[in-house]
>>> print(open('data_16.txt').read())   # compact mmCIF, C-alpha atoms and all ligand atoms
# COMPACT_ATOMS: atom_id res chain seq x y z
CA MET A 4 86.45 111.13 120.76
CA SER A 5 83.96 108.28 120.57
CA LEU A 6 81.37 108.31 117.80
CA SER A 7 77.97 106.66 117.40
CA ILE A 8 76.68 106.47 113.87
CA LYS A 9 73.08 105.27 113.96
CA ASN A 10 71.04 104.23 110.92
CA VAL A 11 72.60 106.87 108.68
CA SER A 12 71.44 107.09 105.06
CA GLN A 13 72.19 109.55 102.29
CA ILE A 14 69.67 109.32 99.48
CA TYR A 15 70.08 111.24 96.23
CA ASP A 16 67.59 111.26 93.33
CA THR A 17 69.92 109.06 91.32
CA ALA A 18 71.67 107.01 94.02
CA VAL A 19 71.53 105.73 97.59
CA ALA A 20 75.07 106.75 98.52
CA VAL A 21 74.89 105.52 102.14
CA ASP A 22 72.32 102.90 103.09
CA ASP A 23 71.34 102.55 106.76
CA ILE A 24 74.81 102.42 108.31
CA SER A 25 75.31 101.97 112.06
CA VAL A 26 78.70 101.76 113.75
CA GLU A 27 80.21 102.52 117.15
CA ILE A 28 83.74 103.95 117.16
CA GLN A 29 85.78 104.03 120.38
CA ASP A 30 87.86 106.96 121.56
CA GLY A 31 91.38 106.73 120.05
CA GLU A 32 90.56 104.03 117.48
CA PHE A 33 92.10 104.07 114.00
CA ILE A 34 89.29 103.07 111.65
CA ALA A 35 89.76 102.50 107.92
CA ILE A 36 86.71 102.70 105.66
CA LEU A 37 87.62 100.50 102.70
CA GLY A 38 85.69 99.92 99.51
CA PRO A 39 85.63 100.30 95.74
CA SER A 40 84.89 103.53 93.91
CA GLY A 41 81.30 104.72 94.40
CA CYS A 42 80.54 102.58 97.48
CA GLY A 43 79.79 105.66 99.65
CA LYS A 44 83.01 106.04 101.69
CA THR A 45 83.50 109.76 101.05
CA THR A 46 79.83 110.51 101.59
CA LEU A 47 79.91 108.80 105.00
CA LEU A 48 83.08 110.71 105.96
CA ARG A 49 81.54 114.03 104.88
CA ILE A 50 78.42 113.29 106.93
CA ILE A 51 80.63 112.71 110.01
CA ALA A 52 82.53 115.95 109.27
CA GLY A 53 79.27 117.87 108.80
CA PHE A 54 79.76 118.91 105.16
CA ILE A 55 76.65 116.90 104.28
CA GLN A 56 73.48 116.67 106.37
CA ALA A 57 72.37 113.02 106.22
CA THR A 58 68.93 112.26 104.82
CA LYS A 59 68.27 109.97 107.80
CA GLY A 60 69.95 108.87 111.01
CA GLU A 61 72.07 110.26 113.82
CA VAL A 62 75.73 111.02 114.45
CA LEU A 63 76.69 111.50 118.10
CA SER A 64 80.04 112.21 119.68
CA GLY A 65 79.72 111.01 123.26
CA ASP A 66 76.76 113.05 124.55
CA GLU A 67 77.15 115.76 121.91
CA VAL A 68 74.71 115.58 119.00
CA PHE A 69 76.41 116.19 115.63
CA THR A 70 73.31 115.33 113.58
CA ARG A 71 69.80 114.31 114.65
CA ASP A 72 66.49 115.13 112.92
CA HIS A 73 66.83 118.79 111.93
CA HIS A 74 69.68 119.51 114.34
CA HIS A 75 72.98 119.85 112.51
CA LEU A 76 76.10 121.08 114.31
CA PRO A 77 78.16 123.20 111.86
CA VAL A 78 81.56 121.80 110.79
CA ASN A 79 83.53 124.52 112.61
CA GLU A 80 81.83 123.64 115.92
CA ARG A 81 82.89 119.98 115.75
CA ASP A 82 86.25 119.18 117.34
CA LEU A 83 87.71 117.64 114.19
CA ALA A 84 90.07 118.25 111.29
CA MET A 85 90.16 116.80 107.81
CA VAL A 86 93.01 115.83 105.47
CA PHE A 87 92.19 115.65 101.76
CA GLN A 88 93.69 113.72 98.87
CA SER A 89 94.28 117.00 97.00
CA PHE A 90 96.25 118.57 99.92
CA ALA A 91 94.00 121.72 99.68
CA LEU A 92 96.85 124.23 100.18
CA TRP A 93 96.66 127.93 99.27
CA PRO A 94 99.38 128.97 96.79
CA HIS A 95 100.07 132.37 98.44
CA MET A 96 100.53 131.08 102.00
CA THR A 97 103.80 129.76 103.43
CA VAL A 98 104.07 126.41 105.20
CA ARG A 99 104.06 128.11 108.61
CA GLU A 100 101.06 130.30 107.71
CA HIS A 101 99.07 127.21 106.72
CA ILE A 102 99.76 125.62 110.09
CA GLU A 103 98.95 128.83 112.00
CA TYR A 104 95.63 129.22 110.20
CA PRO A 105 93.36 126.82 112.18
CA LEU A 106 94.35 128.49 115.47
CA GLN A 107 92.92 131.81 114.26
CA SER A 108 89.34 130.53 114.56
CA LYS A 109 87.01 131.66 117.37
CA ARG A 110 87.28 128.21 118.98
CA HIS A 111 90.89 129.00 119.88
CA SER A 112 90.50 132.66 120.93
CA HIS A 113 91.18 131.67 124.55
CA LEU A 114 94.79 130.72 123.68
CA SER A 115 97.60 133.26 124.17
CA ALA A 116 99.96 134.15 121.30
CA ALA A 117 102.76 132.26 123.07
CA GLU A 118 100.58 129.13 123.42
CA LYS A 119 99.68 129.28 119.72
CA THR A 120 103.35 129.65 118.73
CA ALA A 121 104.25 126.62 120.86
CA MET A 122 101.47 124.54 119.25
CA VAL A 123 102.55 125.52 115.72
CA ASP A 124 106.18 124.69 116.55
CA GLU A 125 105.13 121.30 117.89
CA ALA A 126 103.07 120.44 114.78
CA ILE A 127 105.98 121.53 112.56
CA ARG A 128 108.43 119.42 114.57
CA SER A 129 106.28 116.33 114.61
CA THR A 130 105.85 116.39 110.83
CA GLY A 131 109.53 117.19 110.14
CA LEU A 132 108.86 120.53 108.43
CA GLU A 133 111.35 122.66 110.42
CA LEU A 134 113.50 123.59 107.40
CA LEU A 135 110.57 124.30 105.07
CA GLN A 136 108.54 126.77 107.14
CA LYS A 137 109.04 129.74 104.81
CA ARG A 138 108.37 127.92 101.57
CA LEU A 139 105.24 128.29 99.41
CA PRO A 140 103.32 125.16 98.25
CA GLY A 141 104.75 125.58 94.73
CA GLU A 142 108.22 125.00 96.21
CA LEU A 143 107.32 121.65 97.85
CA SER A 144 107.24 118.01 96.71
CA GLY A 145 104.00 115.99 96.94
CA GLY A 146 105.07 114.28 100.16
CA GLN A 147 106.05 117.60 101.74
CA LYS A 148 102.67 119.12 100.75
CA GLN A 149 100.84 116.23 102.38
CA ARG A 150 102.93 116.71 105.54
CA VAL A 151 101.82 120.37 105.59
CA SER A 152 98.18 119.33 105.40
CA LEU A 153 98.79 116.78 108.20
CA ALA A 154 100.47 119.45 110.36
CA ARG A 155 97.57 121.83 109.70
CA ALA A 156 95.13 119.11 110.74
CA ILE A 157 96.88 118.22 114.02
CA VAL A 158 97.97 121.69 115.19
CA SER A 159 94.77 122.32 117.17
CA LYS A 160 94.95 118.82 118.67
CA PRO A 161 91.50 117.78 117.41
CA LYS A 162 89.91 114.75 119.03
CA LEU A 163 88.87 113.42 115.61
CA LEU A 164 90.97 113.30 112.43
CA LEU A 165 89.17 112.51 109.18
CA MET A 166 91.33 111.51 106.21
CA ASP A 167 90.01 111.08 102.68
CA GLU A 168 92.47 109.03 100.60
CA PRO A 169 95.35 111.20 101.87
CA LEU A 170 98.10 109.21 100.14
CA SER A 171 96.57 108.49 96.75
CA ALA A 172 98.37 111.36 94.99
CA LEU A 173 101.80 110.13 96.16
CA ASP A 174 104.16 107.65 94.49
CA ALA A 175 104.44 104.09 95.80
CA GLU A 176 107.58 104.53 97.91
CA LEU A 177 106.39 107.76 99.51
CA LYS A 178 103.04 106.14 100.33
CA ILE A 179 104.80 103.50 102.43
CA SER A 180 106.83 106.05 104.41
CA MET A 181 103.80 108.35 104.91
CA ARG A 182 101.80 105.38 106.29
CA LYS A 183 104.36 105.17 109.07
CA GLU A 184 104.22 108.93 109.69
CA ILE A 185 100.42 108.82 109.99
CA LYS A 186 100.67 105.88 112.41
CA ASP A 187 103.23 107.86 114.46
CA ILE A 188 100.86 110.85 114.51
CA HIS A 189 98.09 108.56 115.75
CA THR A 190 100.30 107.20 118.55
CA MET A 191 101.39 110.72 119.49
CA THR A 192 98.02 112.53 119.36
CA LYS A 193 95.79 109.61 120.49
CA SER A 194 93.08 111.16 118.27
CA THR A 195 90.36 109.00 116.83
CA ILE A 196 91.17 108.59 113.13
CA ILE A 197 88.74 107.70 110.36
CA TYR A 198 90.68 106.99 107.20
CA VAL A 199 88.97 106.46 103.84
CA THR A 200 90.81 104.38 101.26
CA HIS A 201 90.27 102.00 98.37
CA ASP A 202 93.73 100.50 99.00
CA GLN A 203 93.41 97.29 100.99
CA SER A 204 97.09 97.19 101.95
CA GLU A 205 96.81 100.67 103.52
CA ALA A 206 93.78 99.55 105.52
CA LEU A 207 95.38 96.25 106.62
CA SER A 208 98.67 97.86 107.66
CA MET A 209 97.34 100.93 109.48
CA ALA A 210 93.92 100.41 111.01
CA ASP A 211 92.81 98.97 114.35
CA ARG A 212 89.52 98.11 112.67
CA ILE A 213 88.39 98.04 109.05
CA ILE A 214 84.88 98.78 107.80
CA ILE A 215 84.41 97.27 104.33
CA MET A 216 81.70 99.06 102.36
CA LYS A 217 79.88 97.97 99.22
CA ASP A 218 76.89 99.66 97.55
CA GLY A 219 76.39 102.06 100.48
CA LYS A 220 76.25 99.25 103.08
CA ILE A 221 78.70 97.71 105.54
CA GLU A 222 79.86 94.40 104.12
CA GLN A 223 82.08 93.42 107.08
CA MET A 224 83.67 95.13 110.04
CA GLY A 225 86.59 93.78 112.08
CA THR A 226 90.28 93.89 112.87
CA PRO A 227 92.66 93.45 109.90
CA LYS A 228 93.43 89.90 111.12
CA GLU A 229 89.74 88.98 111.42
CA ILE A 230 89.02 90.33 107.95
CA TYR A 231 92.01 88.63 106.34
CA GLU A 232 91.63 85.28 108.07
CA HIS A 233 87.85 85.08 108.35
CA PRO A 234 86.16 86.96 105.50
CA GLN A 235 82.40 86.77 106.01
CA THR A 236 81.38 87.35 102.39
CA ILE A 237 82.75 86.51 98.95
CA PHE A 238 83.25 90.23 98.29
CA ALA A 239 85.28 90.69 101.49
CA ALA A 240 87.39 87.64 100.62
CA THR A 241 88.28 88.85 97.15
CA PHE A 242 88.45 92.63 97.73
CA VAL A 243 90.84 92.43 100.68
CA SER A 244 94.02 90.90 99.31
CA LYS A 245 94.04 88.06 96.83
CA CYS A 246 91.80 85.07 97.52
CA ASN A 247 91.22 82.04 95.32
CA LEU A 248 87.67 80.70 95.19
CA VAL A 249 88.00 76.97 94.64
CA HIS A 250 84.89 75.21 93.34
CA GLY A 251 83.80 71.96 94.94
CA VAL A 252 81.24 70.21 97.10
CA PHE A 253 80.30 70.68 100.75
CA GLU A 254 79.29 67.63 102.76
CA GLY A 255 78.67 68.39 106.42
CA ASN A 256 81.73 70.26 107.62
CA THR A 257 83.99 69.00 104.86
CA PHE A 258 84.68 70.69 101.56
CA THR A 259 86.08 68.61 98.71
CA ALA A 260 87.60 70.57 95.83
CA TYR A 261 86.60 69.76 92.24
CA ASP A 262 89.72 67.54 91.84
CA GLY A 263 87.85 65.11 94.13
CA LYS A 264 90.81 64.77 96.53
CA THR A 265 91.81 68.09 98.11
CA GLN A 266 89.74 68.58 101.27
CA TYR A 267 89.26 71.44 103.74
CA ASP A 268 87.52 71.71 107.09
CA ALA A 269 84.53 73.99 106.54
CA THR A 270 83.52 74.33 110.21
CA ASN A 271 82.68 77.99 110.90
CA LEU A 272 82.83 78.92 107.21
CA PRO A 273 80.09 81.52 106.49
CA VAL A 274 77.10 80.02 104.71
CA CYS A 275 77.52 82.27 101.63
CA PHE A 276 80.54 80.17 100.55
CA ASN A 277 78.54 76.98 100.94
CA GLU A 278 75.70 78.47 98.88
CA ALA A 279 78.10 79.49 96.12
CA GLY A 280 79.92 76.10 96.22
CA VAL A 281 83.33 77.72 96.68
CA TYR A 282 86.04 77.60 99.37
CA PRO A 283 88.34 80.63 99.89
CA VAL A 284 92.07 79.84 99.78
CA ARG A 285 94.72 82.55 100.21
CA PRO A 286 97.72 82.33 97.82
CA GLU A 287 100.11 81.44 100.66
CA ASP A 288 97.87 78.50 101.62
CA PHE A 289 98.73 76.72 98.37
CA VAL A 290 102.10 75.13 97.62
CA ALA A 291 103.09 74.73 93.96
CA THR A 292 104.68 71.43 93.05
CA GLY A 293 105.72 69.59 89.92
CA GLU A 294 104.56 66.25 91.41
CA ALA A 295 101.07 65.09 90.47
CA MET A 296 99.36 65.82 93.79
CA GLY A 297 96.62 68.41 94.34
CA ILE A 298 94.74 70.63 91.89
CA ALA A 299 96.26 70.63 88.41
CA GLY A 300 96.77 73.89 86.52
CA ILE A 301 98.77 75.54 83.76
CA ILE A 302 100.93 78.59 84.50
CA ALA A 303 99.42 81.51 82.59
CA ASN A 304 101.60 84.31 83.96
CA LYS A 305 104.46 84.86 86.38
CA GLN A 306 106.04 87.82 88.14
CA TYR A 307 109.39 87.77 89.91
CA ASN A 308 109.06 89.58 93.26
CA GLY A 309 112.49 89.18 94.84
CA ARG A 310 111.71 86.78 97.70
CA GLU A 311 109.06 84.81 95.80
CA ILE A 312 107.50 84.39 92.39
CA HIS A 313 103.82 85.23 91.91
CA TYR A 314 102.10 82.89 89.48
CA LYS A 315 98.69 83.11 87.84
CA VAL A 316 97.56 79.53 87.26
CA ASP A 317 94.74 78.44 84.95
CA CYS A 318 92.91 75.72 86.87
CA ASN A 319 90.10 74.44 84.72
CA GLY A 320 89.18 77.99 83.61
CA ASP A 321 89.55 79.59 87.07
CA PHE A 322 92.68 81.74 87.42
CA PHE A 323 94.32 81.23 90.84
CA THR A 324 97.10 83.33 92.31
CA ILE A 325 99.86 81.52 94.17
CA TYR A 326 103.24 82.52 95.58
CA GLY A 327 106.10 80.16 94.68
CA ASP A 328 109.55 79.59 96.04
CA VAL A 329 112.27 81.25 93.87
CA THR A 330 114.30 78.02 93.97
CA LYS A 331 111.57 76.27 91.93
CA ASP A 332 111.21 78.42 88.86
CA PHE A 333 108.18 77.10 86.94
CA GLN A 334 107.67 78.29 83.36
CA ILE A 335 104.65 79.79 81.58
CA GLY A 336 102.70 76.95 79.92
CA GLN A 337 104.01 74.33 82.39
CA THR A 338 101.52 72.08 84.22
CA ILE A 339 101.88 72.25 87.99
CA TYR A 340 99.86 71.05 90.99
CA LEU A 341 98.50 73.13 93.87
CA LYS A 342 98.50 71.30 97.17
CA LYS A 343 97.38 72.44 100.59
CA SER A 344 100.10 74.10 102.63
CA ASP A 345 100.66 72.56 106.07
CA ALA A 346 99.15 75.67 107.67
CA ALA A 347 95.91 75.58 105.61
N1 LIG A 401 75.91 115.12 95.25
C1 LIG A 401 75.58 113.93 94.73
N2 LIG A 401 74.47 113.79 93.98
C2 LIG A 401 74.11 112.58 93.47
N3 LIG A 401 74.83 111.44 93.66
C3 LIG A 401 75.96 111.53 94.39
C4 LIG A 401 76.39 112.77 94.96
N4 LIG A 401 77.54 112.52 95.65
C5 LIG A 401 77.82 111.21 95.49
N5 LIG A 401 76.86 110.61 94.73
C6 LIG A 401 76.80 109.18 94.38
O1 LIG A 401 76.82 108.44 95.58
C7 LIG A 401 77.61 107.26 95.44
C8 LIG A 401 78.72 107.24 96.49
O2 LIG A 401 79.64 108.29 96.22
P1 LIG A 401 80.96 108.50 97.11
O3 LIG A 401 81.70 109.68 96.56
O4 LIG A 401 80.59 108.53 98.53
O5 LIG A 401 81.76 107.16 96.80
P2 LIG A 401 83.25 106.74 97.18
O6 LIG A 401 83.17 105.36 97.71
O7 LIG A 401 83.88 107.78 98.03
O8 LIG A 401 83.94 106.71 95.74
P3 LIG A 401 85.42 107.17 95.27
O9 LIG A 401 86.37 106.18 95.87
O10 LIG A 401 85.34 107.06 93.77
O11 LIG A 401 85.63 108.56 95.76
C9 LIG A 401 78.10 107.25 94.00
O12 LIG A 401 77.23 106.46 93.25
C10 LIG A 401 78.01 108.71 93.61
O13 LIG A 401 77.82 108.82 92.21
>>> encode(input="data_16.txt", output="structure tokens")
Amino acid sequence: MSLSIKNVSQIYDTAVAVDDISVEIQDGEFIAILGPSGCGKTTLLRIIAGFIQATKGEVLSGDEVFTRDHHHLPVNERDLAMVFQSFALWPHMTVREHIEYPLQSKRHSHLSAAEKTAMVDEAIRSTGLELLQKRLPGELSGGQKQRVSLARAIVSKPKLLLMDEPLSALDAELKISMRKEIKDIHTMTKSTIIYVTHDQSEALSMADRIIIMKDGKIEQMGTPKEIYEHPQTIFAATFVSKCNLVHGVFEGNTFTAYDGKTQYDATNLPVCFNEAGVYPVRPEDFVATGEAMGIAGIIANKQYNGREIHYKVDCNGDFFTIYGDVTKDFQIGQTIYLKKSDAA
């Protein structure tokens, strides 16, 4: 399902939750809406679902009008399903009953009992719930509960799947394996997915395109690679993965860091960095060395991460994050130098 969101705003007495957002979403795209708490992600998702009628703007699905002026298509008439952070399971219903439930609606009255059984079996198989069909939610782990809510969402083969922080109640390891399951579901169903998260690594690893929101507005929109390699604003640079903002001076297309020696090509760098007098450097674009070359700093903190060591380095009052080689184990309090990696 393609979606056109045109100049959508949601204005409350106390807050502008969504502020004039426009975006075109292609059929089958996996879109992540990423932003900090309170930036309006959930409100935008609930407007698309139809739980909230936007104060202004339009939401269209192809030629079908979801929302325009006073026209508001009810949630149950939109070909979509939603997965919530809280799982939203009923304690008295078995796993299989949960998955059967969406097919009982009027929308699916044209299906025969045999067709419905086949669809439920398929959703159960594709989420690996075969052996748990008779269990009640109280007899399931968190990951199993979230798989039930995924199966319930995909059983009717909706063209649009809306997910509101679906993994945030799960532990770190389970989150990683569920990311893969959701990606597999996307490949299998070819549904359009809109996935709300405040976790940048989820957005980077899963989405075809990321919409970064801040204060109800779109801050930047692009593929994970575009957003990581070419952040267009200081917020996008620092919110999506670690980014060090090095102070210095711009002259033409050249940036010279405050050490007076380290230089970067600033061609195509968005003007906001120039205005703020900072250049964005990802941790992997610095190499830590004990030799006096590059930006000097004192190691304030270090974390061993198996393949590399993550250091926090105090550089003249700015704390930079860098990733060091485990063979060079620098100590807290030691002075080191940050030089440009060959790739930077
Ligand atoms: N019904 C409401 N009445 C008034 N203000 C609201 C209402 N719902 C949300 N807001 C406000 O709108 C803003 C956006 O809220 P929203 O829930 O969309 O943010 P979010 O990005 O999803 O945050 P979180 O990640 O914490 O869920 C917030 O400032 C919130 O307080």
>>> residues_near_ligand(input="data_16.txt", ligand="ligand LIG 401 (chain A)", cutoff="8 Å", atoms="all atoms listed in the file", output="PyMOL selection string")
chain A and resi 15-21+38-47+199-201+216+218-219
>>> atom_distance(input="data_16.txt", atom1="CA of Ile325 in chain A", atom2="CA of Thr292 in chain A")
11.2 Å
>>> residues_near_point(input="data_16.txt", point="(96.5, 79.8, 94.0)", cutoff="7 Å", atoms="all atoms listed in the file", output="PyMOL selection string")
chain A and resi 247+286+289+316+323-325+341
>>> residues_around(input="data_16.txt", residues="Ile301 in chain A", least_positions_apart="2", cutoff="6 Å", atoms="only C-alpha atoms", output="short mmCIF file (atom, residue, chain, number, x, y, z; two decimals) with C-alpha atoms, keeping the file's coordinate frame")
data_model
loop_
_atom_site.label_atom_id
_atom_site.label_comp_id
_atom_site.auth_asym_id
_atom_site.auth_seq_id
_atom_site.Cartn_x
_atom_site.Cartn_y
_atom_site.Cartn_z
CA VAL A 316 97.56 79.53 87.26
CA ASP A 317 94.74 78.44 84.95
CA GLY A 336 102.70 76.95 79.92
CA GLN A 337 104.01 74.33 82.39
CA THR A 338 101.52 72.08 84.22
#
>>> closest_atom_pairs(input="data_16.txt", of="range 138-242 of chain A", to="range 102-110 of chain A", cutoff="7 Å", atoms="only C-alpha atoms", output="tab-separated table")
residue	atom	partner	partner_atom	distance
A:Ala154	CA	A:Ile102	CA	6.2
A:Arg155	CA	A:Ile102	CA	4.4
A:Val158	CA	A:Ile102	CA	6.7
A:Ser159	CA	A:Leu106	CA	6.4
>>> closest_residue(input="data_16.txt", among="A:Arg150, A:Arg99, A:Lys193, A:Arg49", to="Asp167 in chain A", atoms="all atoms listed in the file")
A:Arg49
>>> closest_residue(input="data_16.txt", among="A:Ala175, A:Leu139, A:Ile298, A:Val274", to="Leu92 in chain A", atoms="all atoms listed in the file")
A:Leu139
>>> residues_around(input="data_16.txt", residues="Ile339 in chain A", least_positions_apart="5", cutoff="6 Å", atoms="all atoms listed in the file", output="ChimeraX atom specification")
/A:292-293,299-300
>>> residues_around(input="data_16.txt", residues="Asp174 in chain A", least_positions_apart="6", cutoff="12 Å", atoms="all atoms listed in the file", output="number ranges by chain")
A: 144-146, 180-181
>>> axis_aligned_box(input="data_16.txt", around="range 278-294 of chain A", padding_each_side="3 Å", output="AutoDock Vina command-line options")
--center_x 90.7 --center_y 74.4 --center_z 95.8 --size_x 36.0 --size_y 22.3 --size_z 17.7
>>> residues_around(input="data_16.txt", residues="Leu63 in chain A", least_positions_apart="2", cutoff="10 Å", atoms="only C-alpha atoms", output="VMD selection string")
chain A and resid 5 to 9 27 51 61 65 to 71
>>> closest_residue(input="data_16.txt", among="A:Lys59, A:Lys217, A:Lys228, A:Lys331", to="Arg310 in chain A", atoms="all atoms listed in the file")
A:Lys331
>>> closest_residue(input="data_16.txt", among="A:Gly251, A:Gly263, A:Gly53, A:Gly327", to="Gly280 in chain A", atoms="only C-alpha atoms")
A:Gly251
>>> atom_distance(input="data_16.txt", atom1="CA of Lys178 in chain A", atom2="CA of Ser204 in chain A")
10.9 Å
>>> atom_distance(input="data_16.txt", atom1="CA of Leu163 in chain A", atom2="CA of Ile197 in chain A")
7.8 Å
>>> residues_near_point(input="data_16.txt", point="(85.2, 67.6, 97.7)", cutoff="12 Å", atoms="all atoms listed in the file", output="PyMOL selection string")
chain A and resi 249-269+277+280-282+297-298
>>> closest_residue(input="data_16.txt", among="A:Arg138, A:Ile28, A:Pro227, A:Leu173", to="Pro94 in chain A", atoms="only C-alpha atoms")
A:Arg138
>>> residues_around(input="data_16.txt", residues="Leu132 in chain A", least_positions_apart="2", cutoff="9 Å", atoms="all atoms listed in the file", output="VMD selection string")
chain A and resid 98 to 99 126 to 130 134 to 136 147 150 to 151 154
>>> build_atoms(input="data_16.txt", residues="range 7-32 of chain A", atoms="N, CA and C atoms", output="short mmCIF file (atom, residue, chain, number, x, y, z; two decimals), keeping the file's coordinate frame")
data_model
loop_
_atom_site.label_atom_id
_atom_site.label_comp_id
_atom_site.auth_asym_id
_atom_site.auth_seq_id
_atom_site.Cartn_x
_atom_site.Cartn_y
_atom_site.Cartn_z
N SER A 7 79.05 107.62 117.67
CA SER A 7 77.97 106.66 117.40
C SER A 7 77.31 107.08 116.11
N ILE A 8 77.35 106.20 115.15
CA ILE A 8 76.68 106.47 113.87
C ILE A 8 75.48 105.52 113.85
N LYS A 9 74.27 106.11 113.80
CA LYS A 9 73.08 105.27 113.96
C LYS A 9 72.15 105.40 112.76
N ASN A 10 71.99 104.32 112.04
CA ASN A 10 71.04 104.23 110.92
C ASN A 10 71.15 105.40 109.95
N VAL A 11 72.38 105.72 109.56
CA VAL A 11 72.60 106.87 108.68
C VAL A 11 72.42 106.47 107.21
N SER A 12 71.62 107.28 106.51
CA SER A 12 71.44 107.09 105.06
C SER A 12 71.61 108.42 104.35
N GLN A 13 72.12 108.36 103.14
CA GLN A 13 72.19 109.55 102.29
C GLN A 13 71.60 109.16 100.94
N ILE A 14 70.42 109.73 100.67
CA ILE A 14 69.67 109.32 99.48
C ILE A 14 69.62 110.47 98.49
N TYR A 15 70.17 110.25 97.31
CA TYR A 15 70.08 111.24 96.23
C TYR A 15 69.02 110.76 95.24
N ASP A 16 68.59 111.65 94.33
CA ASP A 16 67.59 111.26 93.33
C ASP A 16 68.09 110.06 92.52
N THR A 17 69.39 110.08 92.23
CA THR A 17 69.92 109.06 91.32
C THR A 17 70.64 107.92 92.03
N ALA A 18 70.89 108.05 93.34
CA ALA A 18 71.67 107.01 94.02
C ALA A 18 71.41 107.02 95.52
N VAL A 19 71.51 105.80 96.13
CA VAL A 19 71.53 105.73 97.59
C VAL A 19 73.01 105.60 97.94
N ALA A 20 73.62 106.73 98.32
CA ALA A 20 75.07 106.75 98.52
C ALA A 20 75.45 106.01 99.80
N VAL A 21 74.65 106.19 100.87
CA VAL A 21 74.89 105.52 102.14
C VAL A 21 73.56 104.92 102.58
N ASP A 22 73.58 103.62 102.91
CA ASP A 22 72.32 102.90 103.09
C ASP A 22 72.21 102.30 104.49
N ASP A 23 71.66 103.05 105.42
CA ASP A 23 71.34 102.55 106.76
C ASP A 23 72.57 102.00 107.49
N ILE A 24 73.56 102.86 107.67
CA ILE A 24 74.81 102.42 108.31
C ILE A 24 74.80 102.75 109.80
N SER A 25 75.16 101.76 110.61
CA SER A 25 75.31 101.97 112.06
C SER A 25 76.67 101.43 112.48
N VAL A 26 77.40 102.23 113.24
CA VAL A 26 78.70 101.76 113.75
C VAL A 26 79.09 102.56 114.99
N GLU A 27 79.71 101.87 115.94
CA GLU A 27 80.21 102.52 117.15
C GLU A 27 81.72 102.60 117.04
N ILE A 28 82.28 103.77 117.25
CA ILE A 28 83.74 103.95 117.16
C ILE A 28 84.24 104.42 118.52
N GLN A 29 85.26 103.71 119.03
CA GLN A 29 85.78 104.03 120.38
C GLN A 29 86.77 105.19 120.32
N ASP A 30 86.90 105.87 121.45
CA ASP A 30 87.86 106.96 121.56
C ASP A 30 89.28 106.44 121.25
N GLY A 31 89.99 107.10 120.36
CA GLY A 31 91.38 106.73 120.05
C GLY A 31 91.54 105.63 119.02
N GLU A 32 90.45 105.10 118.48
CA GLU A 32 90.56 104.03 117.48
C GLU A 32 91.03 104.58 116.14
#
